[in-house]
$ cat protein.tsv   # TSV, C-alpha atoms and all ligand atoms
chain	number	residue	atom	x	y	z
A	1	MET	CA	60.08	-115.62	112.91
A	2	GLN	CA	62.28	-118.60	113.80
A	3	ASP	CA	65.25	-118.19	116.12
A	4	LEU	CA	68.07	-118.38	113.59
A	5	SER	CA	70.69	-117.36	116.13
A	6	VAL	CA	71.07	-121.01	117.23
A	7	GLY	CA	74.57	-121.93	116.33
A	8	MET	CA	77.75	-123.91	116.41
A	9	SER	CA	80.28	-123.29	119.18
A	10	LEU	CA	83.75	-122.67	117.83
A	11	MET	CA	87.05	-123.31	119.57
A	12	SER	CA	87.10	-119.69	120.75
A	13	GLY	CA	83.75	-120.19	122.49
A	14	ASP	CA	82.02	-117.92	119.98
A	15	VAL	CA	78.78	-119.23	118.52
A	16	MET	CA	78.32	-119.06	114.74
A	17	PRO	CA	74.61	-119.02	113.73
A	18	ARG	CA	73.78	-122.11	111.68
A	19	LEU	CA	71.99	-120.29	108.86
A	20	GLY	CA	73.61	-117.39	107.06
A	21	VAL	CA	72.81	-115.30	104.02
A	22	GLY	CA	75.20	-115.46	101.05
A	23	THR	CA	76.18	-112.15	99.39
A	24	TRP	CA	77.73	-113.26	96.10
A	25	ALA	CA	75.59	-112.08	93.19
A	26	PRO	CA	76.64	-113.55	89.85
A	27	ALA	CA	74.47	-111.14	87.91
A	28	TYR	CA	75.20	-108.21	90.16
A	29	SER	CA	73.13	-105.11	89.94
A	30	PRO	CA	73.62	-102.21	92.35
A	31	GLY	CA	71.51	-102.21	95.48
A	32	VAL	CA	70.41	-105.82	95.31
A	33	ILE	CA	72.73	-107.18	97.98
A	34	ARG	CA	71.94	-104.26	100.26
A	35	ASP	CA	68.25	-105.13	100.03
A	36	VAL	CA	68.95	-108.85	100.44
A	37	VAL	CA	70.94	-108.37	103.65
A	38	LEU	CA	68.52	-105.85	105.09
A	39	HIS	CA	65.50	-108.04	104.42
A	40	ALA	CA	67.31	-111.11	105.74
A	41	VAL	CA	68.22	-109.44	109.02
A	42	LEU	CA	65.14	-107.30	109.65
A	43	ASN	CA	62.34	-109.49	108.31
A	44	CYS	CA	63.56	-113.10	108.23
A	45	GLY	CA	65.66	-113.34	111.38
A	46	TYR	CA	69.01	-114.17	109.72
A	47	ARG	CA	71.90	-113.42	112.08
A	48	HIS	CA	74.86	-114.46	109.92
A	49	VAL	CA	76.13	-112.69	106.79
A	50	ASP	CA	78.72	-114.36	104.57
A	51	CYS	CA	80.86	-111.89	102.60
A	52	ALA	CA	84.14	-111.75	100.69
A	53	GLY	CA	86.28	-108.94	99.34
A	54	PHE	CA	86.16	-110.66	95.95
A	55	TYR	CA	82.36	-110.48	95.73
A	56	GLY	CA	82.53	-106.70	95.35
A	57	THR	CA	79.44	-106.31	97.53
A	58	GLU	CA	80.92	-105.52	100.94
A	59	ARG	CA	80.05	-101.81	100.73
A	60	GLU	CA	76.42	-102.72	100.18
A	61	VAL	CA	76.53	-105.17	103.07
A	62	GLY	CA	77.99	-102.34	105.15
A	63	GLU	CA	75.12	-100.03	104.18
A	64	ALA	CA	72.58	-102.68	105.11
A	65	LEU	CA	74.23	-103.38	108.46
A	66	LYS	CA	74.37	-99.68	109.26
A	67	GLU	CA	70.66	-99.41	108.64
A	68	ALA	CA	69.93	-102.57	110.62
A	69	PHE	CA	71.95	-101.25	113.58
A	70	ALA	CA	70.07	-97.95	113.37
A	71	LYS	CA	66.84	-99.97	113.62
A	72	GLY	CA	67.94	-101.61	116.83
A	73	ILE	CA	69.84	-104.76	115.77
A	74	ARG	CA	72.95	-105.07	117.94
A	75	ARG	CA	76.39	-105.63	116.40
A	76	GLN	CA	77.08	-108.52	118.75
A	77	ASP	CA	74.00	-110.34	117.48
A	78	ILE	CA	75.19	-110.45	113.86
A	79	TRP	CA	77.90	-112.84	112.70
A	80	VAL	CA	79.98	-111.44	109.82
A	81	THR	CA	82.40	-113.58	107.80
A	82	SER	CA	84.75	-112.27	105.12
A	83	LYS	CA	87.49	-113.79	102.98
A	84	LEU	CA	90.94	-112.79	101.78
A	85	TRP	CA	91.23	-112.92	97.99
A	86	CYS	CA	94.03	-114.78	96.18
A	87	THR	CA	95.89	-111.59	95.20
A	88	PHE	CA	96.63	-110.75	98.83
A	89	HIS	CA	98.43	-113.84	100.13
A	90	ALA	CA	101.85	-112.18	100.45
A	91	PRO	CA	102.32	-111.23	104.13
A	92	GLU	CA	102.57	-107.48	103.42
A	93	ASP	CA	99.24	-107.54	101.53
A	94	VAL	CA	97.11	-109.24	104.17
A	95	ARG	CA	96.48	-106.36	106.55
A	96	PRO	CA	95.74	-103.71	103.87
A	97	ALA	CA	93.29	-106.08	102.14
A	98	PHE	CA	91.61	-106.82	105.45
A	99	MET	CA	91.39	-103.13	106.39
A	100	ARG	CA	89.66	-102.42	103.10
A	101	THR	CA	87.08	-105.09	103.90
A	102	LEU	CA	86.58	-103.70	107.39
A	103	GLU	CA	86.13	-100.19	106.04
A	104	ASP	CA	83.71	-101.30	103.33
A	105	LEU	CA	81.67	-103.22	105.89
A	106	GLY	CA	81.74	-100.19	108.21
A	107	LEU	CA	82.67	-102.39	111.17
A	108	ASP	CA	85.42	-102.31	113.76
A	109	TYR	CA	85.82	-106.10	113.86
A	110	ILE	CA	84.59	-109.15	111.99
A	111	ASP	CA	83.70	-112.51	113.47
A	112	LEU	CA	85.51	-114.75	111.01
A	113	TYR	CA	88.18	-114.25	108.33
A	114	LEU	CA	88.96	-116.98	105.81
A	115	ILE	CA	91.63	-117.59	103.16
A	116	HIS	CA	89.30	-117.73	100.13
A	117	TRP	CA	91.22	-120.24	97.92
A	118	PRO	CA	94.58	-122.02	98.24
A	119	VAL	CA	95.76	-120.41	94.99
A	120	SER	CA	97.85	-117.24	94.66
A	121	LEU	CA	97.10	-114.82	91.83
A	122	ARG	CA	98.83	-111.78	90.42
A	123	LYS	CA	97.20	-108.41	91.17
A	124	ASN	CA	94.82	-107.20	88.43
A	125	HIS	CA	94.50	-110.75	87.11
A	126	ALA	CA	92.05	-111.47	84.34
A	127	LEU	CA	88.73	-113.14	85.07
A	128	PRO	CA	88.91	-116.01	84.51
A	129	PRO	CA	92.62	-115.94	85.36
A	130	ARG	CA	95.07	-116.68	82.54
A	131	ALA	CA	97.96	-119.10	82.97
A	132	ASP	CA	100.38	-116.25	83.59
A	133	ASP	CA	98.17	-114.79	86.33
A	134	PHE	CA	99.17	-117.61	88.67
A	135	LEU	CA	101.98	-117.01	91.12
A	136	PRO	CA	103.88	-119.73	92.92
A	137	PRO	CA	101.49	-120.35	95.83
A	138	VAL	CA	102.38	-118.41	98.96
A	139	PRO	CA	102.59	-121.05	101.73
A	140	ALA	CA	99.34	-120.76	103.69
A	141	ILE	CA	101.20	-120.39	106.99
A	142	GLN	CA	102.85	-117.18	105.80
A	143	THR	CA	99.48	-115.62	105.06
A	144	TRP	CA	98.05	-117.12	108.23
A	145	LYS	CA	100.64	-115.55	110.55
A	146	GLU	CA	99.46	-112.12	109.38
A	147	MET	CA	95.86	-113.16	109.95
A	148	GLU	CA	96.80	-114.24	113.49
A	149	LYS	CA	98.02	-110.68	114.08
A	150	LEU	CA	94.54	-109.41	113.17
A	151	VAL	CA	93.14	-111.63	115.92
A	152	ASP	CA	95.78	-110.36	118.33
A	153	GLY	CA	94.66	-106.81	117.48
A	154	ASN	CA	90.97	-107.67	118.16
A	155	LEU	CA	90.06	-106.94	114.54
A	156	VAL	CA	89.02	-110.55	113.85
A	157	LYS	CA	87.55	-113.04	116.30
A	158	ASN	CA	88.10	-116.36	114.48
A	159	LEU	CA	90.15	-117.64	111.54
A	160	GLY	CA	89.51	-120.27	108.90
A	161	VAL	CA	89.93	-121.36	105.30
A	162	SER	CA	87.77	-121.96	102.25
A	163	ASN	CA	88.15	-124.50	99.44
A	164	PHE	CA	90.85	-126.32	101.42
A	165	THR	CA	90.91	-130.12	101.68
A	166	SER	CA	91.61	-131.98	104.91
A	167	VAL	CA	95.19	-132.52	103.67
A	168	LYS	CA	95.77	-128.78	103.28
A	169	ILE	CA	94.04	-127.91	106.55
A	170	GLU	CA	96.06	-130.46	108.49
A	171	LYS	CA	99.32	-128.99	107.21
A	172	LEU	CA	98.21	-125.53	108.32
A	173	TRP	CA	96.90	-126.90	111.60
A	174	MET	CA	100.31	-128.30	112.52
A	175	GLU	CA	102.00	-124.95	111.86
A	176	ALA	CA	99.41	-122.48	113.13
A	177	ARG	CA	99.46	-120.79	116.54
A	178	ILE	CA	95.74	-119.98	116.27
A	179	LYS	CA	94.07	-123.07	114.82
A	180	PRO	CA	91.67	-122.85	111.88
A	181	SER	CA	88.21	-123.14	113.39
A	182	VAL	CA	86.07	-123.10	110.22
A	183	VAL	CA	86.35	-124.52	106.72
A	184	GLN	CA	83.93	-123.29	104.09
A	185	VAL	CA	83.42	-125.58	101.09
A	186	GLU	CA	80.77	-126.57	98.60
A	187	MET	CA	78.44	-129.08	100.21
A	188	HIS	CA	74.98	-130.33	99.27
A	189	PRO	CA	73.29	-133.72	98.77
A	190	LEU	CA	75.20	-134.35	95.51
A	191	CYS	CA	78.53	-133.35	97.11
A	192	GLN	CA	78.41	-134.67	100.66
A	193	GLN	CA	82.04	-134.11	101.72
A	194	ALA	CA	82.06	-137.20	103.97
A	195	LYS	CA	85.83	-137.29	104.33
A	196	LEU	CA	86.14	-133.62	105.18
A	197	ARG	CA	83.26	-133.85	107.65
A	198	GLU	CA	84.97	-136.71	109.44
A	199	TYR	CA	88.22	-134.76	109.62
A	200	CYS	CA	86.38	-131.69	110.90
A	201	SER	CA	84.73	-133.57	113.72
A	202	LEU	CA	88.12	-134.98	114.74
A	203	ARG	CA	89.65	-131.50	114.91
A	204	ARG	CA	86.49	-129.75	116.14
A	205	ILE	CA	86.47	-127.57	113.03
A	206	CYS	CA	83.10	-126.22	111.93
A	207	LEU	CA	82.17	-126.87	108.30
A	208	THR	CA	80.23	-124.17	106.47
A	209	ALA	CA	78.42	-125.38	103.36
A	210	TYR	CA	78.37	-122.96	100.47
A	211	SER	CA	76.07	-123.65	97.53
A	212	PRO	CA	73.92	-125.81	99.84
A	213	LEU	CA	71.27	-125.82	97.11
A	214	GLY	CA	73.72	-126.87	94.42
A	215	GLY	CA	74.61	-123.42	93.13
A	216	ASN	CA	72.20	-123.21	90.23
A	217	ASP	CA	72.97	-119.57	89.61
A	218	HIS	CA	76.46	-119.83	88.21
A	219	PRO	CA	76.55	-117.96	84.89
A	220	THR	CA	78.78	-120.54	83.22
A	221	ARG	CA	77.09	-123.55	84.78
A	222	PRO	CA	77.07	-126.38	82.27
A	223	SER	CA	74.30	-128.90	82.25
A	224	MET	CA	74.80	-130.89	85.45
A	225	PRO	CA	72.48	-132.75	87.80
A	226	ASN	CA	70.35	-130.33	89.72
A	227	VAL	CA	69.92	-130.70	93.49
A	228	LEU	CA	66.50	-129.09	93.34
A	229	GLN	CA	65.28	-131.61	90.75
A	230	ASN	CA	66.57	-134.65	92.58
A	231	ALA	CA	63.77	-137.24	92.81
A	232	THR	CA	64.70	-138.45	96.31
A	233	LEU	CA	64.73	-134.94	97.72
A	234	ASN	CA	61.46	-134.18	95.94
A	235	ARG	CA	59.85	-137.25	97.49
A	236	ILE	CA	61.06	-136.37	100.99
A	237	ALA	CA	59.85	-132.80	100.53
A	238	GLY	CA	56.35	-134.14	99.86
A	239	LYS	CA	56.47	-136.24	103.03
A	240	TYR	CA	57.02	-133.15	105.20
A	241	ASN	CA	55.05	-130.68	103.12
A	242	LYS	CA	58.25	-128.73	102.60
A	243	THR	CA	60.02	-127.62	99.42
A	244	THR	CA	62.96	-129.50	97.93
A	245	ALA	CA	65.18	-126.53	98.78
A	246	GLN	CA	64.11	-126.75	102.43
A	247	VAL	CA	64.95	-130.47	102.51
A	248	ALA	CA	68.41	-129.83	101.02
A	249	LEU	CA	69.07	-127.11	103.59
A	250	ARG	CA	67.74	-129.18	106.47
A	251	TRP	CA	70.03	-132.03	105.38
A	252	GLY	CA	73.02	-129.66	105.58
A	253	LEU	CA	72.08	-128.66	109.12
A	254	GLN	CA	71.63	-132.29	110.18
A	255	MET	CA	75.08	-133.11	108.78
A	256	GLY	CA	76.38	-130.64	111.36
A	257	ALA	CA	77.18	-127.84	108.91
A	258	THR	CA	76.36	-124.17	108.96
A	259	ILE	CA	74.72	-123.24	105.68
A	260	ILE	CA	74.76	-120.05	103.61
A	261	PRO	CA	72.21	-120.29	100.77
A	262	LYS	CA	72.06	-117.42	98.28
A	263	THR	CA	68.93	-115.89	96.91
A	264	THR	CA	67.98	-112.46	95.67
A	265	ASN	CA	64.32	-113.42	95.82
A	266	LEU	CA	62.84	-112.21	99.10
A	267	GLN	CA	60.13	-114.87	99.17
A	268	ARG	CA	62.68	-117.68	98.72
A	269	MET	CA	64.81	-116.10	101.44
A	270	ALA	CA	61.93	-116.50	103.88
A	271	GLU	CA	61.33	-120.06	102.60
A	272	ASN	CA	64.98	-120.93	103.21
A	273	SER	CA	64.74	-119.78	106.80
A	274	LYS	CA	61.86	-122.13	107.67
A	275	ILE	CA	63.90	-125.23	108.25
A	276	LEU	CA	63.93	-125.55	112.02
A	277	ASP	CA	60.42	-126.94	112.41
A	278	PHE	CA	60.97	-130.41	110.93
A	279	CYS	CA	63.56	-133.14	111.18
A	280	LEU	CA	64.69	-135.68	108.58
A	281	ASP	CA	64.47	-139.20	110.00
A	282	SER	CA	67.02	-141.99	109.63
A	283	ASP	CA	65.28	-143.41	106.52
A	284	ASP	CA	65.43	-140.00	104.84
A	285	LEU	CA	69.09	-139.58	105.75
A	286	ALA	CA	69.93	-143.04	104.38
A	287	SER	CA	68.11	-142.26	101.12
A	288	ILE	CA	69.94	-138.95	100.76
A	289	ALA	CA	73.30	-140.58	101.60
A	290	ALA	CA	72.81	-142.81	98.54
A	291	GLU	CA	72.50	-139.73	96.31
A	292	ASP	CA	76.11	-138.57	96.82
A	293	GLN	CA	77.84	-138.09	93.48
A	294	HIS	CA	80.94	-136.33	94.87
A	295	MET	CA	79.91	-133.69	92.42
A	296	ARG	CA	81.38	-130.26	92.99
A	297	ILE	CA	79.36	-127.86	90.94
A	298	SER	CA	80.16	-124.25	91.92
A	299	SER	CA	83.69	-124.98	93.06
A	300	GLN	CA	84.42	-127.06	89.97
A	301	ILE	CA	83.33	-124.21	87.74
A	302	MET	CA	85.72	-121.94	89.62
A	303	LEU	CA	88.47	-124.50	89.41
A	304	ASN	CA	87.96	-124.94	85.68
A	305	LYS	CA	88.70	-121.25	85.40
A	306	PHE	CA	91.92	-121.78	87.32
A	307	THR	CA	93.81	-122.96	84.27
A	308	GLY	CA	96.19	-125.81	84.65
A	309	LEU	CA	94.89	-127.32	87.87
A	310	THR	CA	93.35	-130.75	87.61
A	311	PRO	CA	90.59	-131.62	90.08
A	312	GLU	CA	92.51	-134.68	91.31
A	313	VAL	CA	95.51	-132.58	92.28
A	314	PHE	CA	93.58	-129.61	93.58
A	315	TRP	CA	91.14	-131.55	95.77
A	316	ASP	CA	93.77	-134.04	96.98
A	317	GLY	CA	91.57	-136.91	95.83
A	318	GLU	CA	88.78	-135.95	98.28
A	401	LIG	P1	67.24	-116.99	93.22
A	401	LIG	O1	68.24	-115.92	93.63
A	401	LIG	O2	66.50	-116.63	91.98
A	401	LIG	O3	66.36	-117.41	94.37
A	401	LIG	P2	73.30	-121.86	96.26
A	401	LIG	O4	73.03	-121.09	97.50
A	401	LIG	O5	73.28	-123.34	96.46
A	401	LIG	O6	74.55	-121.41	95.54
A	401	LIG	O7	72.09	-121.63	95.25
A	401	LIG	C1	71.75	-120.38	94.76
A	401	LIG	C2	70.71	-120.54	93.68
A	401	LIG	O8	69.54	-121.19	94.21
A	401	LIG	C3	70.22	-119.26	93.10
A	401	LIG	O9	70.05	-119.49	91.71
A	401	LIG	C4	68.87	-118.99	93.74
A	401	LIG	O10	68.08	-118.30	92.82
A	401	LIG	C5	68.39	-120.39	93.95
A	401	LIG	N1	67.53	-120.53	95.14
A	401	LIG	C6	67.75	-120.03	96.37
A	401	LIG	N2	66.77	-120.41	97.21
A	401	LIG	C7	65.92	-121.17	96.50
A	401	LIG	C8	64.71	-121.86	96.80
A	401	LIG	N3	64.18	-121.84	98.02
A	401	LIG	N4	64.09	-122.53	95.79
A	401	LIG	C9	64.61	-122.54	94.54
A	401	LIG	N5	65.75	-121.93	94.19
A	401	LIG	C10	66.40	-121.24	95.15

$ encode --input "protein.tsv" --output "structure tokens" --more "lines below"
Ligand code: A2P
Amino acid sequence: MQDLSVGMSLMSGDVMPRLGVGTWAPAYSPGVIRDVVLHAVLNCGYRHVDCAGFYGTEREVGEALKEAFAKGIRRQDIWVTSKLWCTFHAPEDVRPAFMRTLEDLGLDYIDLYLIHWPVSLRKNHALPPRADDFLPPVPAIQTWKEMEKLVDGNLVKNLGVSNFTSVKIEKLWMEARIKPSVVQVEMHPLCQQAKLREYCSLRRICLTAYSPLGGNDHPTRPSMPNVLQNATLNRIAGKYNKTTAQVALRWGLQMGATIIPKTTNLQRMAENSKILDFCLDSDDLASIAAEDQHMRISSQIMLNKFTGLTPEVFWDGE
């Protein structure tokens, strides 16, 4: 088993393991995420679990962690991230939403808590949300101040955001007492996030890449270019005797990101973990750089559901 605890140092000094397991299951069936997390931790060496209240799977993650701890895995060796959903941005809603997550996960602290999207929604909103489900956005700093209190109370170790652009992060950065130390966004070879990566290195923010394989599992995914069928990645995979998925994941790591691929297939989970024993060279990286299409796939599908928001406005032109 590879040592997947190697990680990125955050501003707090905590180290976030570079490879995590995603727990969103578009075609959810009970028990699957429990098995995924357990297998990832016990058999494949994953030490980072990416969760969210919205995924509806945190109880199952909690069951898996409980079993893993009973089998000798130590709490301090597992990194757990969760995210605050868009219905809980009002200051009085933050702590109760967080406590529900903590209870579902069966933990007494989590390592990282993120604002899931910079969009505020009415409680019990439809899925996808309707126009009248949108509330005037709660300024991120108001939500953030409540999240800072969770850190003060030792319930959360680090704070961050998801689906924010550098423009939105910088605004929050200027106002925040505890600075955002992680941004989680879609990133893969067709969506390389060069501008955000540059901003992150300036501010020493760690970027976590979700959908690092291009998010092929989205139920409403229209026909779009597929990362795993990209000819350049396929060619490079042949050169190293690796799979195209492994090359895409390795690229994410070499771009300095932490990566959280999703799979419910236990064999592919093991495959995705074997990415520390090869290194893309400068020719490979140049070839992959030329493949950038600034193409958000998963996040664009989500955004399309967020009626009324154009990509140009939402992503601040990034
Ligand atoms: P499956 O669960 O059947 O393995 P992302 O993490 O970029 O959002 O991508 C998730 C999608 O990629 C899922 O459809 C998952 O399907 C698929 N996937 C995950 N790992 C691999 C892999 N090693 N090779 C091919 N497809 C993969």

$ atom_distance --input "protein.tsv" --atom1 "atom CA of A:Asp281" --atom2 "atom C8 of ligand LIG 401 (chain A)"
21.8 Å

$ axis_aligned_box --input "protein.tsv" --around "ligand LIG 401 (chain A)" --padding-each-side "4 Å" --output "lines of an AutoDock Vina configuration file"
center_x = 69.3
center_y = -119.6
center_z = 94.9
size_x = 18.5
size_y = 15.4
size_z = 14.3

$ residues_near_ligand --input "protein.tsv" --ligand "ligand LIG 401 (chain A)" --cutoff "6 Å" --atoms "all atoms listed in the file" --output "PDB file with C-alpha atoms, keeping the file's coordinate frame"
ATOM      1  CA  SER A 211      76.070-123.650  97.530  1.00  0.00           C
ATOM      2  CA  PRO A 212      73.920-125.810  99.840  1.00  0.00           C
ATOM      3  CA  LEU A 213      71.270-125.820  97.110  1.00  0.00           C
ATOM      4  CA  GLY A 214      73.720-126.870  94.420  1.00  0.00           C
ATOM      5  CA  GLY A 215      74.610-123.420  93.130  1.00  0.00           C
ATOM      6  CA  ASN A 216      72.200-123.210  90.230  1.00  0.00           C
ATOM      7  CA  ASP A 217      72.970-119.570  89.610  1.00  0.00           C
ATOM      8  CA  ALA A 245      65.180-126.530  98.780  1.00  0.00           C
ATOM      9  CA  PRO A 261      72.210-120.290 100.770  1.00  0.00           C
ATOM     10  CA  LYS A 262      72.060-117.420  98.280  1.00  0.00           C
ATOM     11  CA  THR A 263      68.930-115.890  96.910  1.00  0.00           C
ATOM     12  CA  THR A 264      67.980-112.460  95.670  1.00  0.00           C
ATOM     13  CA  ASN A 265      64.320-113.420  95.820  1.00  0.00           C
ATOM     14  CA  ARG A 268      62.680-117.680  98.720  1.00  0.00           C
ATOM     15  CA  GLU A 271      61.330-120.060 102.600  1.00  0.00           C
ATOM     16  CA  ASN A 272      64.980-120.930 103.210  1.00  0.00           C
TER      17      ASN A 272
END

$ closest_residue --input "protein.tsv" --among "A:Leu10, A:Ala289, A:Ile260, A:Leu155" --to "A:Pro180" --atoms "all atoms listed in the file"
A:Leu10

$ atom_distance --input "protein.tsv" --atom1 "atom CA of A:Glu63" --atom2 "atom CA of A:Leu84"
20.5 Å

$ atom_distance --input "protein.tsv" --atom1 "atom CA of A:Val94" --atom2 "atom CA of A:Glu186"
24.5 Å

$ closest_residue --input "protein.tsv" --among "A:Arg204, A:Arg250, A:Lys274, A:Arg197" --to "A:Glu318" --atoms "only C-alpha atoms"
A:Arg197

$ closest_residue --input "protein.tsv" --among "A:Cys86, A:Val61, A:Cys191, A:Ile205" --to "A:Leu107" --atoms "all atoms listed in the file"
A:Val61

$ residues_around --input "protein.tsv" --residues "A:Asp93" --least-positions-apart "2" --cutoff "12 Å" --atoms "all atoms listed in the file" --output "tab-separated table (two decimals) with C-alpha atoms, in the frame of the given file"
chain	number	residue	atom	x	y	z
A	84	LEU	CA	90.94	-112.79	101.78
A	85	TRP	CA	91.23	-112.92	97.99
A	86	CYS	CA	94.03	-114.78	96.18
A	87	THR	CA	95.89	-111.59	95.20
A	88	PHE	CA	96.63	-110.75	98.83
A	89	HIS	CA	98.43	-113.84	100.13
A	90	ALA	CA	101.85	-112.18	100.45
A	91	PRO	CA	102.32	-111.23	104.13
A	95	ARG	CA	96.48	-106.36	106.55
A	96	PRO	CA	95.74	-103.71	103.87
A	97	ALA	CA	93.29	-106.08	102.14
A	98	PHE	CA	91.61	-106.82	105.45
A	99	MET	CA	91.39	-103.13	106.39
A	100	ARG	CA	89.66	-102.42	103.10
A	120	SER	CA	97.85	-117.24	94.66
A	122	ARG	CA	98.83	-111.78	90.42
A	123	LYS	CA	97.20	-108.41	91.17
A	138	VAL	CA	102.38	-118.41	98.96
A	142	GLN	CA	102.85	-117.18	105.80
A	143	THR	CA	99.48	-115.62	105.06
A	144	TRP	CA	98.05	-117.12	108.23
A	146	GLU	CA	99.46	-112.12	109.38
A	147	MET	CA	95.86	-113.16	109.95

$ closest_residue --input "protein.tsv" --among "A:Lys239, A:Arg130, A:Lys145, A:Arg296" --to "A:Asp283" --atoms "only C-alpha atoms"
A:Lys239

$ residues_around --input "protein.tsv" --residues "A:Met174" --least-positions-apart "5" --cutoff "12 Å" --atoms "all atoms listed in the file" --output "list of chain:residue names"
A:Ala140, A:Ile141, A:Val167, A:Lys168, A:Ile169, A:Lys179, A:Pro180, A:Arg203

$ residues_near_point --input "protein.tsv" --point "(74.3, -99.9, 95.6)" --cutoff "6 Å" --atoms "all atoms listed in the file" --output "list in words"
Pro30, Gly31 and Glu60 of chain A

$ residues_around --input "protein.tsv" --residues "A:Leu65" --least-positions-apart "4" --cutoff "12 Å" --atoms "only C-alpha atoms" --output "JSON, numbers by chain"
{"A": [33, 34, 35, 36, 37, 38, 39, 40, 41, 42, 47, 48, 49, 58, 59, 60, 61, 69, 70, 71, 72, 73, 74, 75, 76, 77, 78, 79, 80, 104, 105, 106, 107]}

$ closest_residue --input "protein.tsv" --among "A:Ile275, A:Ala270, A:Ile297, A:Cys51" --to "A:Gln254" --atoms "only C-alpha atoms"
A:Ile275

$ residues_around --input "protein.tsv" --residues "A:Thr258" --least-positions-apart "2" --cutoff "7 Å" --atoms "only C-alpha atoms" --output "number ranges by chain"
A: 18-19, 207-209, 253, 256, 260

$ residues_around --input "protein.tsv" --residues "stretch 309-316 of chain A" --least-positions-apart "4" --cutoff "8 Å" --atoms "all atoms listed in the file" --output "list in words"
Phe164, Thr165, Val167, Gln300, Leu303 and Asn304 of chain A

$ closest_residue --input "protein.tsv" --among "A:Lys195, A:Arg235, A:Arg177, A:Lys83" --to "A:Val161" --atoms "all atoms listed in the file"
A:Lys83

$ build_atoms --input "protein.tsv" --residues "stretch 258-269 of chain A" --atoms "N, CA, C and O atoms" --output "PDB file, in the coordinates of the input"
ATOM      1  N   THR A 258      77.091-125.430 109.081  1.00  0.00           N
ATOM      2  CA  THR A 258      76.360-124.170 108.960  1.00  0.00           C
ATOM      3  C   THR A 258      76.150-123.964 107.465  1.00  0.00           C
ATOM      4  O   THR A 258      76.979-124.392 106.654  1.00  0.00           O
ATOM      5  N   ILE A 259      75.065-123.326 107.100  1.00  0.00           N
ATOM      6  CA  ILE A 259      74.720-123.240 105.680  1.00  0.00           C
ATOM      7  C   ILE A 259      74.471-121.786 105.284  1.00  0.00           C
ATOM      8  O   ILE A 259      73.956-121.000 106.080  1.00  0.00           O
ATOM      9  N   ILE A 260      74.870-121.457 104.051  1.00  0.00           N
ATOM     10  CA  ILE A 260      74.760-120.050 103.610  1.00  0.00           C
ATOM     11  C   ILE A 260      74.132-119.972 102.213  1.00  0.00           C
ATOM     12  O   ILE A 260      74.794-119.578 101.252  1.00  0.00           O
ATOM     13  N   PRO A 261      72.853-120.348 102.095  1.00  0.00           N
ATOM     14  CA  PRO A 261      72.210-120.290 100.770  1.00  0.00           C
ATOM     15  C   PRO A 261      72.135-118.851 100.252  1.00  0.00           C
ATOM     16  O   PRO A 261      72.054-117.909 101.039  1.00  0.00           O
ATOM     17  N   LYS A 262      72.177-118.738  98.915  1.00  0.00           N
ATOM     18  CA  LYS A 262      72.060-117.420  98.280  1.00  0.00           C
ATOM     19  C   LYS A 262      70.700-117.325  97.606  1.00  0.00           C
ATOM     20  O   LYS A 262      70.267-118.278  96.955  1.00  0.00           O
ATOM     21  N   THR A 263      70.084-116.195  97.753  1.00  0.00           N
ATOM     22  CA  THR A 263      68.930-115.890  96.910  1.00  0.00           C
ATOM     23  C   THR A 263      68.739-114.386  96.886  1.00  0.00           C
ATOM     24  O   THR A 263      68.986-113.704  97.885  1.00  0.00           O
ATOM     25  N   THR A 264      68.317-113.884  95.734  1.00  0.00           N
ATOM     26  CA  THR A 264      67.980-112.460  95.670  1.00  0.00           C
ATOM     27  C   THR A 264      66.463-112.309  95.653  1.00  0.00           C
ATOM     28  O   THR A 264      65.943-111.210  95.489  1.00  0.00           O
ATOM     29  N   ASN A 265      65.770-113.438  95.816  1.00  0.00           N
ATOM     30  CA  ASN A 265      64.320-113.420  95.820  1.00  0.00           C
ATOM     31  C   ASN A 265      63.844-113.437  97.284  1.00  0.00           C
ATOM     32  O   ASN A 265      64.134-114.376  98.020  1.00  0.00           O
ATOM     33  N   LEU A 266      63.139-112.382  97.676  1.00  0.00           N
ATOM     34  CA  LEU A 266      62.840-112.210  99.100  1.00  0.00           C
ATOM     35  C   LEU A 266      61.897-113.287  99.632  1.00  0.00           C
ATOM     36  O   LEU A 266      61.989-113.697 100.785  1.00  0.00           O
ATOM     37  N   GLN A 267      61.035-113.796  98.741  1.00  0.00           N
ATOM     38  CA  GLN A 267      60.130-114.870  99.170  1.00  0.00           C
ATOM     39  C   GLN A 267      60.915-116.163  99.426  1.00  0.00           C
ATOM     40  O   GLN A 267      60.691-116.855 100.415  1.00  0.00           O
ATOM     41  N   ARG A 268      61.877-116.458  98.516  1.00  0.00           N
ATOM     42  CA  ARG A 268      62.680-117.680  98.720  1.00  0.00           C
ATOM     43  C   ARG A 268      63.589-117.536  99.947  1.00  0.00           C
ATOM     44  O   ARG A 268      63.916-118.514 100.606  1.00  0.00           O
ATOM     45  N   MET A 269      63.986-116.305 100.243  1.00  0.00           N
ATOM     46  CA  MET A 269      64.810-116.100 101.440  1.00  0.00           C
ATOM     47  C   MET A 269      64.032-116.510 102.690  1.00  0.00           C
ATOM     48  O   MET A 269      64.561-117.173 103.586  1.00  0.00           O
TER      49      MET A 269
END
